[in-house]
Structure formats: structure tokens, C-alpha cells
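Colleague: Input structure: work30.json, which contains JSON, C-alpha atoms.
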```json
[["chain", "number", "residue", "atom", "x", "y", "z"],
["A", 41, "LYS", "CA", 6.29, -9.94, 14.09],
["A", 42, "LYS", "CA", 5.11, -9.46, 10.53],
["A", 43, "GLU", "CA", 3.94, -6.24, 8.88],
["A", 44, "TYR", "CA", 1.09, -6.09, 6.35],
["A", 45, "THR", "CA", 0.35, -3.15, 4.07],
["A", 46, "LEU", "CA", -3.21, -3.23, 2.73],
["A", 47, "ASN", "CA", -4.62, -1.18, -0.13],
["A", 48, "SER", "CA", -8.06, 0.42, 0.17],
["A", 49, "GLY", "CA", -10.94, -2.04, -0.05],
["A", 50, "ILE", "CA", -8.85, -5.00, 1.10],
["A", 51, "GLU", "CA", -9.85, -7.45, 3.83],
["A", 52, "LEU", "CA", -7.22, -9.40, 5.75],
["A", 53, "LYS", "CA", -8.71, -12.64, 7.10],
["A", 54, "ILE", "CA", -6.85, -14.19, 10.01],
["A", 55, "LYS", "CA", -7.49, -17.69, 11.35],
["A", 56, "ALA", "CA", -5.68, -18.93, 14.43],
["A", 57, "GLU", "CA", -6.41, -22.55, 15.26],
["A", 58, "SER", "CA", -4.15, -23.06, 18.28],
["A", 59, "ASN", "CA", -4.43, -21.64, 21.80],
["A", 60, "GLN", "CA", -1.36, -19.47, 21.28],
["A", 61, "LYS", "CA", -1.98, -15.74, 21.44],
["A", 62, "ILE", "CA", -1.60, -13.46, 18.44],
["A", 63, "VAL", "CA", -1.32, -9.69, 18.81],
["A", 64, "LEU", "CA", -2.69, -7.32, 16.16],
["A", 65, "LYS", "CA", -1.76, -3.62, 15.99],
["A", 66, "LEU", "CA", -2.83, -0.94, 13.52],
["A", 67, "THR", "CA", 0.16, 1.29, 12.79],
["A", 68, "SER", "CA", -1.16, 3.68, 10.12],
["A", 69, "ASN", "CA", -4.43, 4.98, 8.65],
["A", 70, "LYS", "CA", -7.77, 3.33, 9.47],
["A", 71, "ALA", "CA", -9.18, -0.19, 9.67],
["A", 72, "GLU", "CA", -12.05, -2.01, 11.36],
["A", 73, "ILE", "CA", -13.24, -5.43, 12.50],
["A", 74, "PHE", "CA", -16.97, -6.18, 12.10],
["A", 75, "GLY", "CA", -17.55, -2.45, 11.64],
["A", 76, "THR", "CA", -15.81, -1.51, 14.89],
["A", 77, "PRO", "CA", -12.83, 0.83, 14.25],
["A", 78, "LEU", "CA", -9.38, -0.23, 15.40],
["A", 79, "VAL", "CA", -7.53, 2.27, 17.57],
["A", 80, "LYS", "CA", -4.16, 3.11, 16.03],
["A", 81, "GLY", "CA", -1.28, 1.96, 18.19],
["A", 82, "ARG", "CA", -3.41, -0.23, 20.47],
["A", 83, "GLU", "CA", -2.56, -3.93, 20.72],
["A", 84, "TYR", "CA", -5.44, -6.40, 20.30],
["A", 85, "THR", "CA", -4.95, -9.95, 21.56],
["A", 86, "PHE", "CA", -6.75, -12.93, 20.02],
["A", 87, "GLN", "CA", -6.72, -16.63, 20.69],
["A", 88, "LYS", "CA", -8.15, -19.56, 18.68],
["A", 89, "CYS", "CA", -10.46, -17.50, 16.50],
["A", 90, "THR", "CA", -11.22, -16.27, 13.00],
["A", 91, "PHE", "CA", -11.66, -12.59, 12.20],
["A", 92, "SER", "CA", -11.22, -10.14, 9.33],
["A", 93, "VAL", "CA", -9.66, -6.69, 9.25],
["A", 94, "TYR", "CA", -11.09, -4.36, 6.60],
["A", 95, "THR", "CA", -9.78, -0.98, 5.48],
["A", 96, "TRP", "CA", -11.58, 1.67, 3.42],
["A", 97, "THR", "CA", -8.49, 3.87, 3.24],
["A", 98, "GLY", "CA", -5.59, 1.46, 3.07],
["A", 99, "CYS", "CA", -3.53, 0.77, 6.20],
["A", 100, "THR", "CA", -0.49, -0.84, 7.74],
["A", 101, "LEU", "CA", -0.72, -3.30, 10.61],
["A", 102, "THR", "CA", 1.44, -5.83, 12.39],
["A", 103, "ILE", "CA", 0.71, -9.36, 13.59],
["A", 104, "GLU", "CA", 2.88, -10.85, 16.32],
["A", 105, "GLN", "CA", 2.72, -14.51, 17.32],
["A", 106, "GLU", "CA", 3.38, -15.74, 20.83],
["A", 107, "GLU", "CA", 5.46, -18.55, 19.33],
["A", 108, "GLU", "CA", 6.94, -18.48, 15.86],
["A", 109, "ASP", "CA", 5.76, -22.00, 15.03],
["A", 110, "ASP", "CA", 2.16, -21.11, 15.87],
["A", 111, "LYS", "CA", 0.23, -21.77, 12.68],
["A", 112, "ILE", "CA", -2.06, -18.97, 11.52],
["A", 113, "MET", "CA", -3.71, -18.53, 8.14],
["A", 114, "VAL", "CA", -3.68, -15.03, 6.63],
["A", 115, "ASN", "CA", -5.49, -14.26, 3.37],
["A", 116, "GLU", "CA", -6.01, -10.96, 1.54],
["A", 117, "LYS", "CA", -9.18, -10.37, -0.47],
["A", 118, "ASN", "CA", -10.82, -7.40, -2.17],
["A", 119, "ARG", "CA", -14.10, -6.85, -0.32],
["A", 120, "TYR", "CA", -14.95, -3.32, -1.42],
["A", 121, "GLU", "CA", -18.07, -4.40, -3.31],
["A", 122, "PHE", "CA", -19.37, -6.46, -0.39],
["A", 123, "MET", "CA", -18.69, -3.74, 2.19],
["A", 124, "SER", "CA", -20.34, -1.15, -0.06],
["A", 125, "ARG", "CA", -23.45, -3.34, -0.07],
["A", 126, "VAL", "CA", -23.35, -3.48, 3.72],
["A", 127, "LEU", "CA", -23.25, 0.33, 3.88],
["A", 128, "ASN", "CA", -26.13, 0.49, 1.37],
["A", 129, "ILE", "CA", -28.17, -1.77, 3.66],
["A", 130, "VAL", "CA", -27.41, 0.45, 6.65],
["A", 131, "LYS", "CA", -28.34, 3.55, 4.63],
["A", 132, "ALA", "CA", -31.61, 1.98, 3.45],
["A", 133, "ILE", "CA", -32.52, 1.15, 7.05],
["A", 134, "ASP", "CA", -31.72, 4.69, 8.16],
["A", 135, "ASP", "CA", -33.68, 6.20, 5.24],
["A", 136, "TYR", "CA", -36.70, 4.17, 6.37],
["A", 137, "ARG", "CA", -36.12, 5.33, 9.95],
["A", 138, "MET", "CA", -36.08, 8.98, 8.90],
["A", 139, "LYS", "CA", -38.96, 8.87, 6.41],
["A", 140, "GLN", "CA", -41.33, 6.73, 8.45],
["A", 141, "LYS", "CA", -40.36, 8.26, 11.80],
["A", 142, "ARG", "CA", -40.62, 4.83, 13.35],
["A", 143, "PRO", "CA", -38.13, 2.18, 14.50],
["A", 144, "PRO", "CA", -37.23, -0.32, 11.75],
["A", 145, "ARG", "CA", -37.42, -4.07, 12.36],
["A", 146, "VAL", "CA", -34.71, -5.98, 10.50],
["A", 147, "MET", "CA", -34.29, -9.77, 10.42],
["A", 148, "ILE", "CA", -31.20, -11.46, 8.94],
["A", 149, "VAL", "CA", -32.07, -14.89, 7.46],
["A", 150, "GLY", "CA", -30.27, -17.49, 5.35],
["A", 151, "GLU", "CA", -28.76, -20.93, 5.23],
["A", 152, "ALA", "CA", -25.98, -22.15, 7.53],
["A", 153, "ASN", "CA", -22.52, -20.59, 7.16],
["A", 154, "THR", "CA", -23.65, -17.75, 4.90],
["A", 155, "GLY", "CA", -22.45, -14.90, 7.14],
["A", 156, "LYS", "CA", -25.67, -13.95, 8.96],
["A", 157, "THR", "CA", -23.96, -13.26, 12.29],
["A", 158, "THR", "CA", -21.10, -11.37, 10.60],
["A", 159, "LEU", "CA", -23.59, -9.16, 8.76],
["A", 160, "THR", "CA", -25.54, -8.63, 11.99],
["A", 161, "LYS", "CA", -22.37, -7.50, 13.79],
["A", 162, "MET", "CA", -21.60, -5.04, 10.98],
["A", 163, "ILE", "CA", -25.11, -3.55, 10.90],
["A", 164, "SER", "CA", -24.98, -3.33, 14.70],
["A", 165, "ALA", "CA", -21.68, -1.45, 14.64],
["A", 166, "TYR", "CA", -22.67, 1.00, 11.91],
["A", 167, "THR", "CA", -26.04, 1.63, 13.59],
["A", 168, "THR", "CA", -24.27, 2.40, 16.86],
["A", 169, "ARG", "CA", -21.82, 4.68, 15.03],
["A", 170, "LEU", "CA", -24.81, 6.61, 13.67],
["A", 171, "GLY", "CA", -25.75, 7.35, 17.29],
["A", 172, "TYR", "CA", -28.68, 4.95, 17.77],
["A", 173, "SER", "CA", -29.39, 2.43, 20.49],
["A", 174, "PHE", "CA", -31.48, -0.57, 19.45],
["A", 175, "LEU", "CA", -32.76, -3.96, 20.51],
["A", 176, "LEU", "CA", -30.70, -6.93, 19.32],
["A", 177, "ALA", "CA", -32.22, -10.42, 19.32],
["A", 178, "ASP", "CA", -30.01, -13.48, 18.91],
["A", 179, "LEU", "CA", -32.04, -16.55, 17.92],
["A", 180, "ASP", "CA", -29.03, -18.74, 17.04],
["A", 181, "ILE", "CA", -29.09, -21.68, 19.49],
["A", 182, "LYS", "CA", -25.63, -22.75, 18.35],
["A", 183, "GLY", "CA", -24.28, -19.66, 20.09],
["A", 184, "GLY", "CA", -24.12, -16.22, 18.51],
["A", 185, "ILE", "CA", -23.50, -12.59, 19.36],
["A", 186, "LEU", "CA", -25.38, -12.55, 22.67],
["A", 187, "SER", "CA", -26.35, -16.11, 23.45],
["A", 188, "LEU", "CA", -24.60, -19.13, 24.84],
["A", 189, "PRO", "CA", -25.07, -22.46, 23.04],
["A", 190, "SER", "CA", -28.60, -23.85, 23.54],
["A", 191, "THR", "CA", -30.07, -20.40, 24.31],
["A", 192, "ILE", "CA", -31.67, -17.41, 22.61],
["A", 193, "ALA", "CA", -31.29, -13.88, 23.94],
["A", 194, "ALA", "CA", -32.10, -10.18, 23.54],
["A", 195, "GLN", "CA", -30.50, -6.98, 24.82],
["A", 196, "ASN", "CA", -30.61, -3.24, 24.32],
["A", 197, "ILE", "CA", -27.42, -2.18, 22.52],
["A", 198, "THR", "CA", -25.99, 1.22, 23.38],
["A", 199, "GLN", "CA", -22.28, 0.72, 22.62],
["A", 200, "LEU", "CA", -19.96, -0.66, 19.97],
["A", 201, "TYR", "CA", -19.11, -4.35, 19.90],
["A", 202, "ASP", "CA", -15.78, -4.87, 21.67],
["A", 203, "ILE", "CA", -13.39, -6.56, 19.25],
["A", 204, "GLU", "CA", -11.73, -8.70, 21.90],
["A", 205, "ASN", "CA", -14.47, -9.29, 24.47],
["A", 206, "GLY", "CA", -17.84, -8.76, 22.79],
["A", 207, "TYR", "CA", -20.50, -6.56, 24.37],
["A", 208, "ASP", "CA", -19.85, -5.31, 27.89],
["A", 209, "PHE", "CA", -23.29, -5.13, 29.44],
["A", 210, "LYS", "CA", -24.19, -3.39, 32.67],
["A", 211, "SER", "CA", -26.97, -5.98, 32.97],
["A", 212, "SER", "CA", -27.21, -9.52, 31.59],
["A", 213, "PRO", "CA", -29.17, -10.10, 28.37],
["A", 214, "LEU", "CA", -32.65, -11.59, 28.62],
["A", 215, "MET", "CA", -31.95, -15.25, 27.86],
["A", 216, "TYR", "CA", -34.03, -18.42, 27.38],
["A", 217, "TYR", "CA", -32.70, -21.95, 27.55],
["A", 218, "ASN", "CA", -33.74, -24.22, 24.67],
["A", 219, "GLY", "CA", -32.35, -27.51, 25.94],
["A", 220, "SER", "CA", -30.04, -28.20, 22.99],
["A", 221, "SER", "CA", -27.83, -26.44, 20.45],
["A", 222, "PHE", "CA", -29.51, -28.50, 17.71],
["A", 223, "LEU", "CA", -33.05, -27.98, 16.46],
["A", 224, "GLY", "CA", -35.19, -31.08, 15.89],
["A", 225, "GLU", "CA", -38.44, -32.79, 16.80],
["A", 226, "HIS", "CA", -37.33, -33.06, 20.42],
["A", 227, "ASN", "CA", -37.21, -29.29, 20.97],
["A", 228, "GLU", "CA", -39.02, -27.50, 18.10],
["A", 229, "ASP", "CA", -42.06, -26.75, 20.26],
["A", 230, "LEU", "CA", -39.88, -25.37, 23.06],
["A", 231, "TYR", "CA", -37.98, -23.23, 20.54],
["A", 232, "ASP", "CA", -41.28, -21.74, 19.29],
["A", 233, "ILE", "CA", -42.45, -21.06, 22.86],
["A", 234, "THR", "CA", -39.21, -19.36, 23.90],
["A", 235, "ILE", "CA", -39.19, -17.18, 20.76],
["A", 236, "LYS", "CA", -42.76, -16.04, 21.50],
["A", 237, "GLU", "CA", -41.83, -15.28, 25.10],
["A", 238, "LEU", "CA", -38.77, -13.34, 23.97],
["A", 239, "ALA", "CA", -40.85, -11.42, 21.42],
["A", 240, "GLU", "CA", -43.36, -10.36, 24.06],
["A", 241, "HIS", "CA", -40.62, -9.03, 26.31],
["A", 242, "MET", "CA", -39.04, -7.20, 23.36],
["A", 243, "LYS", "CA", -42.36, -5.56, 22.46],
["A", 244, "GLN", "CA", -42.77, -4.32, 26.00],
["A", 245, "ARG", "CA", -39.20, -3.08, 26.14],
["A", 246, "GLN", "CA", -39.56, -1.26, 22.82],
["A", 247, "LYS", "CA", -42.67, 0.53, 24.09],
["A", 248, "ASN", "CA", -40.52, 1.97, 26.84],
["A", 249, "GLU", "CA", -37.78, 3.06, 24.42],
["A", 250, "SER", "CA", -37.92, 6.40, 22.61],
["A", 251, "SER", "CA", -34.98, 5.62, 20.31],
["A", 252, "LEU", "CA", -35.54, 5.17, 16.58],
["A", 253, "GLY", "CA", -32.79, 2.53, 16.54],
["A", 254, "GLY", "CA", -35.34, -0.26, 16.15],
["A", 255, "VAL", "CA", -34.88, -4.02, 16.32],
["A", 256, "LEU", "CA", -32.20, -6.20, 14.70],
["A", 257, "ILE", "CA", -32.62, -9.98, 14.70],
["A", 258, "ASP", "CA", -29.97, -12.60, 13.96],
["A", 259, "THR", "CA", -31.59, -15.97, 13.19],
["A", 260, "PHE", "CA", -30.83, -19.66, 13.26],
["A", 261, "TYR", "CA", -30.18, -21.16, 9.83],
["A", 262, "ILE", "CA", -33.16, -22.18, 7.68]]
```
In C-alpha cells, what does this structure look like?

Modeller:
Amino acid sequence: KKEYTLNSGIELKIKAESNQKIVLKLTSNKAEIFGTPLVKGREYTFQKCTFSVYTWTGCTLTIEQEEEDDKIMVNEKNRYEFMSRVLNIVKAIDDYRMKQKRPPRVMIVGEANTGKTTLTKMISAYTTRLGYSFLLADLDIKGGILSLPSTIAAQNITQLYDIENGYDFKSSPLMYYNGSSFLGEHNEDLYDITIKELAEHMKQRQKNESSLGGVLIDTFYI
């Protein structure tokens, strides 16, 4: 077991490449993963994954490996400026929500491996923490927040993203199969059709929702 003391504004990035379990526990102050707060004293178990712990206040946490020779990579980085920008985005969305009195529609776009899904998770968490429910669309056919590889999906979000298990839905997300986790000439037309079908269902669902939470869309890379 190893203890880490982080100053305010620091992100601890943890990458575990083997199938061995690692256990994370927050022992003092406050920290979060993808915008979801860690519960002090609770043990979180991870396996073959990459995630980042961020603290606004400074904190102490422990990481315990199932086997001492299990190789994990741990890097500290100052992310205060980036996280402040995330909060500014969330505030701008909420300002629009309040001034226009209508649900915002937000789409996250960008090239591959630029952090679109990470940003979507953070906006989702902070929006939920503000007390809103909203529609989340996952258009990443490589597999994203909601969808399995080769699919796109949408779901009404009413709870925080679970750090270990993802969203715990009472009903399955609306999901469309695209035939492949790669986008090319063989499935571009099908991808367009499934997106249009998903959009129509989302429009109908939003008509039935009174929440100002709006719509958040995570996209495939461009």
C-alpha cells in the first residue's frame, strides 16, 4: 500500500495494464474522478484501466495493489487551469439554461484521442450535481459512455456516473447497432440512418421531459 499526498489543483493519473486489482481509498479532504466525488474512507476497486483523481482542495489517498509486482503507472500533474475551464463551460451552459429558459443542446467534437469522452463525463457529472436530469447521446461506435462497440446509444441521465461500474440504469439505453466499430464506405450510410433514428427518438423523449437539463452529445472522432 502506498500513500499519496496531493496539493490543490493536482491530478493523479493511474494506469493499470494487468488484470490485477488495485484498490484506491481517499483518506482526507476531497477528490473526484470524472467529476464524481470520492467518498472518504470507501475503497474503490479497479482493474486494467486508466483513470485520473483530481482534487480542488488537496487530499491524501492510498493505492493498494493485489500483488506487489503488478505494474501500474502513476503520474502527478497540475490540472487546475484545465479543470477551471471545464467549470467555466458548465457555468456557461447553465447561464444559457437560466437566461433562455430552454434546455441547452451541447455537442462535444474533436479529433481522435483528444479527451471528448472524458470531457463529456465531467460535464455530465457537474450537470447532475447541479440537480438536472438530461439526455445523453453516445455516438462513438468504438464504445463510449453508454454504448457497446459498434453501437450508438441515448439515455436519460438522472444520477451521477458510478466510478467503478458506470451508469446504473433502471432501463436499458436506446441503442442502435452499426455493424462495425470502424467507420468507412461499408457502413457510412447505416451510421447516418441510425443517427437520424436516434435523433427522432430523442426529440420525442425531450418533448415529454420538463427538465431544463437539455441534451449532451459525445461524438465519434472527425

Colleague: Could you work out how far CA of Leu256 in chain A lies from CA of Thr167 in chain A, giving the answer in Å with one decimal?

Modeller: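 These two atoms are separated by 10.0 Å.
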
Colleague: Calculate how many Å separate CA of Arg169 in chain A from CA of Pro189 in chain A, rounding to one decimal.

Modeller: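 If I compute the distance from CA of Arg169 in chain A to CA of Pro189 in chain A, I get 28.5 Å.
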
Colleague: Any idea what's packed within 8 Å of Asn115 in chain A, counting all atoms listed in the file, ignoring anything in its chain fewer than 6 positions away? Could you give it as a VMD selection string?

Modeller: chain A and resid 52 to 54

Colleague: Which residues are close to Lys70 in chain A, i.e. within 12 Å by all atoms listed in the file, leaving aside same-chain residues fewer than 5 positions away? Reply as a ChimeraX atom specification.

Modeller: /A:45-50,65,75-81,93-101

Colleague: Could you list, as a VMD selection string, every residue within 9 Å of range 218-225 of chain A, counting only C-alpha atoms and ignoring same-chain residues fewer than 3 positions away?

Modeller: chain A and resid 180 to 183 189 to 192 228 to 231 234

Colleague: Which distance in Å separates CA of Lys61 in chain A and CA of Phe74 in chain A, to one decimal?

Modeller: 20.1 Å

Colleague: With only C-alpha atoms as the counted atoms, please give the residues lying no more than 12 Å from Gln246 in chain A, apart from itself and same-chain residues fewer than 2 positions off, as a PyMOL selection string.

Modeller: chain A and resi 142-145+173-176+194-196+239-244+248-255

Colleague: Return as lines of an AutoDock Vina configuration file the box centre and box size in Å, one decimal, for an axis-aligned box around all listed atoms of range 152-165 of chain A padded by 4 Å per side.

Modeller:
```
center_x = -23.5
center_y = -11.8
center_z = 9.8
size_x = 12.9
size_y = 28.7
size_z = 17.8
```

Colleague: Find the residues near Ile103 in chain A: any atom within 8 Å, counting all atoms listed in the file, skip ones fewer than 6 places away on the same chain, and give them as a PyMOL selection string.

Modeller: chain A and resi 41-44+62-65

Colleague: Restricted to C-alpha atoms, what would the selected residues look like written as a short mmCIF file (atom, residue, chain, number, x, y, z; two decimals), keeping the file's coordinate frame?

Modeller:
```cif
data_model
loop_
_atom_site.label_atom_id
_atom_site.label_comp_id
_atom_site.auth_asym_id
_atom_site.auth_seq_id
_atom_site.Cartn_x
_atom_site.Cartn_y
_atom_site.Cartn_z
CA LYS A 41 6.29 -9.94 14.09
CA LYS A 42 5.11 -9.46 10.53
CA GLU A 43 3.94 -6.24 8.88
CA TYR A 44 1.09 -6.09 6.35
CA ILE A 62 -1.60 -13.46 18.44
CA VAL A 63 -1.32 -9.69 18.81
CA LEU A 64 -2.69 -7.32 16.16
CA LYS A 65 -1.76 -3.62 15.99
#
```

Colleague: Please determine, counting only C-alpha atoms, which residue among A:Val130, A:Ile73, A:Leu179, A:Ala193 has the shortest atom-to-atom distance to Met215 in chain A.

Modeller: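 Of all the options, A:Ala193 lies closest to Met215 in chain A.
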
Colleague: Using all atoms listed in the file, collect all residues at a distance of at most 12 Å from (-26.2, -11.9, 9.5) as written in the file, then present them as JSON, numbers by chain.

Modeller: {"A": [74, 126, 129, 146, 147, 148, 149, 150, 151, 152, 153, 154, 155, 156, 157, 158, 159, 160, 161, 162, 163, 164, 176, 177, 178, 179, 180, 184, 185, 256, 257, 258, 259, 260, 261]}

Colleague: Write range 136-147 of chain A as an mmCIF file, in the coordinates of the input, completed to all heavy atoms.

Modeller:
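Result file is part_20.cif:
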```
data_model
loop_
_atom_site.group_PDB
_atom_site.id
_atom_site.type_symbol
_atom_site.label_atom_id
_atom_site.label_comp_id
_atom_site.auth_asym_id
_atom_site.auth_seq_id
_atom_site.Cartn_x
_atom_site.Cartn_y
_atom_site.Cartn_z
ATOM 1 N N TYR A 136 -35.375 4.578 5.893
ATOM 2 C CA TYR A 136 -36.700 4.170 6.370
ATOM 3 C C TYR A 136 -36.993 4.801 7.734
ATOM 4 O O TYR A 136 -38.086 5.320 7.976
ATOM 5 C CB TYR A 136 -36.748 2.643 6.495
ATOM 6 C CG TYR A 136 -38.007 2.122 7.162
ATOM 7 C CD1 TYR A 136 -39.137 1.816 6.411
ATOM 8 C CD2 TYR A 136 -38.061 1.945 8.542
ATOM 9 C CE1 TYR A 136 -40.288 1.345 7.024
ATOM 10 C CE2 TYR A 136 -39.207 1.485 9.169
ATOM 11 C CZ TYR A 136 -40.312 1.183 8.400
ATOM 12 O OH TYR A 136 -41.459 0.723 9.013
ATOM 13 N N ARG A 137 -35.988 4.774 8.605
ATOM 14 C CA ARG A 137 -36.120 5.330 9.950
ATOM 15 C C ARG A 137 -36.502 6.811 9.893
ATOM 16 O O ARG A 137 -37.379 7.274 10.628
ATOM 17 C CB ARG A 137 -34.787 5.126 10.680
ATOM 18 C CG ARG A 137 -34.782 5.451 12.134
ATOM 19 C CD ARG A 137 -33.369 5.270 12.685
ATOM 20 N NE ARG A 137 -32.999 3.877 12.853
ATOM 21 C CZ ARG A 137 -31.981 3.285 12.242
ATOM 22 N NH1 ARG A 137 -31.217 3.961 11.395
ATOM 23 N NH2 ARG A 137 -31.704 2.017 12.468
ATOM 24 N N MET A 138 -35.855 7.551 9.000
ATOM 25 C CA MET A 138 -36.080 8.980 8.900
ATOM 26 C C MET A 138 -37.406 9.327 8.218
ATOM 27 O O MET A 138 -38.120 10.228 8.655
ATOM 28 C CB MET A 138 -34.918 9.640 8.128
ATOM 29 C CG MET A 138 -33.567 9.582 8.837
ATOM 30 S SD MET A 138 -33.545 10.553 10.383
ATOM 31 C CE MET A 138 -33.866 9.267 11.597
ATOM 32 N N LYS A 139 -37.735 8.580 7.164
ATOM 33 C CA LYS A 139 -38.960 8.870 6.410
ATOM 34 C C LYS A 139 -40.214 8.450 7.156
ATOM 35 O O LYS A 139 -41.221 9.159 7.171
ATOM 36 C CB LYS A 139 -38.906 8.186 5.036
ATOM 37 C CG LYS A 139 -37.874 8.785 4.092
ATOM 38 C CD LYS A 139 -37.809 8.017 2.781
ATOM 39 C CE LYS A 139 -36.737 8.600 1.865
ATOM 40 N NZ LYS A 139 -36.612 7.833 0.596
ATOM 41 N N GLN A 140 -40.149 7.265 7.770
ATOM 42 C CA GLN A 140 -41.330 6.730 8.450
ATOM 43 C C GLN A 140 -41.461 7.240 9.891
ATOM 44 O O GLN A 140 -42.524 7.096 10.502
ATOM 45 C CB GLN A 140 -41.284 5.203 8.461
ATOM 46 C CG GLN A 140 -41.224 4.569 7.088
ATOM 47 C CD GLN A 140 -42.455 4.875 6.252
ATOM 48 O OE1 GLN A 140 -43.560 4.978 6.766
ATOM 49 N NE2 GLN A 140 -42.264 5.034 4.944
ATOM 50 N N LYS A 141 -40.374 7.778 10.420
ATOM 51 C CA LYS A 141 -40.360 8.260 11.800
ATOM 52 C C LYS A 141 -40.778 7.160 12.777
ATOM 53 O O LYS A 141 -41.497 7.401 13.757
ATOM 54 C CB LYS A 141 -41.286 9.475 11.971
ATOM 55 C CG LYS A 141 -40.915 10.658 11.100
ATOM 56 C CD LYS A 141 -39.531 11.182 11.416
ATOM 57 C CE LYS A 141 -39.174 12.391 10.567
ATOM 58 N NZ LYS A 141 -37.796 12.873 10.821
ATOM 59 N N ARG A 142 -40.315 5.960 12.481
ATOM 60 C CA ARG A 142 -40.620 4.830 13.350
ATOM 61 C C ARG A 142 -39.428 3.863 13.354
ATOM 62 O O ARG A 142 -38.667 3.821 12.388
ATOM 63 C CB ARG A 142 -41.879 4.099 12.881
ATOM 64 C CG ARG A 142 -41.814 3.599 11.465
ATOM 65 C CD ARG A 142 -43.113 2.923 11.045
ATOM 66 N NE ARG A 142 -43.383 1.734 11.821
ATOM 67 C CZ ARG A 142 -44.452 0.962 11.635
ATOM 68 N NH1 ARG A 142 -45.343 1.294 10.711
ATOM 69 N NH2 ARG A 142 -44.627 -0.110 12.372
ATOM 70 N N PRO A 143 -39.275 3.090 14.421
ATOM 71 C CA PRO A 143 -38.130 2.180 14.500
ATOM 72 C C PRO A 143 -38.237 1.048 13.475
ATOM 73 O O PRO A 143 -39.285 0.408 13.371
ATOM 74 C CB PRO A 143 -38.211 1.618 15.931
ATOM 75 C CG PRO A 143 -39.088 2.565 16.672
ATOM 76 C CD PRO A 143 -40.057 3.100 15.679
ATOM 77 N N PRO A 144 -37.199 0.787 12.701
ATOM 78 C CA PRO A 144 -37.230 -0.320 11.750
ATOM 79 C C PRO A 144 -37.065 -1.661 12.468
ATOM 80 O O PRO A 144 -36.460 -1.743 13.542
ATOM 81 C CB PRO A 144 -36.019 -0.040 10.852
ATOM 82 C CG PRO A 144 -35.080 0.713 11.722
ATOM 83 C CD PRO A 144 -35.931 1.544 12.639
ATOM 84 N N ARG A 145 -37.599 -2.703 11.860
ATOM 85 C CA ARG A 145 -37.420 -4.070 12.360
ATOM 86 C C ARG A 145 -36.735 -4.876 11.259
ATOM 87 O O ARG A 145 -37.318 -5.075 10.194
ATOM 88 C CB ARG A 145 -38.764 -4.688 12.741
ATOM 89 C CG ARG A 145 -39.444 -3.973 13.905
ATOM 90 C CD ARG A 145 -40.848 -4.523 14.141
ATOM 91 N NE ARG A 145 -41.482 -3.915 15.293
ATOM 92 C CZ ARG A 145 -42.131 -2.764 15.278
ATOM 93 N NH1 ARG A 145 -42.219 -2.096 14.124
ATOM 94 N NH2 ARG A 145 -42.687 -2.281 16.364
ATOM 95 N N VAL A 146 -35.531 -5.321 11.522
ATOM 96 C CA VAL A 146 -34.710 -5.980 10.500
ATOM 97 C C VAL A 146 -34.351 -7.388 10.966
ATOM 98 O O VAL A 146 -33.838 -7.574 12.077
ATOM 99 C CB VAL A 146 -33.415 -5.180 10.237
ATOM 100 C CG1 VAL A 146 -32.567 -5.877 9.173
ATOM 101 C CG2 VAL A 146 -33.742 -3.747 9.823
ATOM 102 N N MET A 147 -34.622 -8.384 10.113
ATOM 103 C CA MET A 147 -34.290 -9.770 10.420
ATOM 104 C C MET A 147 -33.317 -10.299 9.372
ATOM 105 O O MET A 147 -33.549 -10.168 8.172
ATOM 106 C CB MET A 147 -35.553 -10.642 10.449
ATOM 107 C CG MET A 147 -35.279 -12.115 10.714
ATOM 108 S SD MET A 147 -36.794 -13.115 10.764
ATOM 109 C CE MET A 147 -37.440 -12.615 12.362
#
```
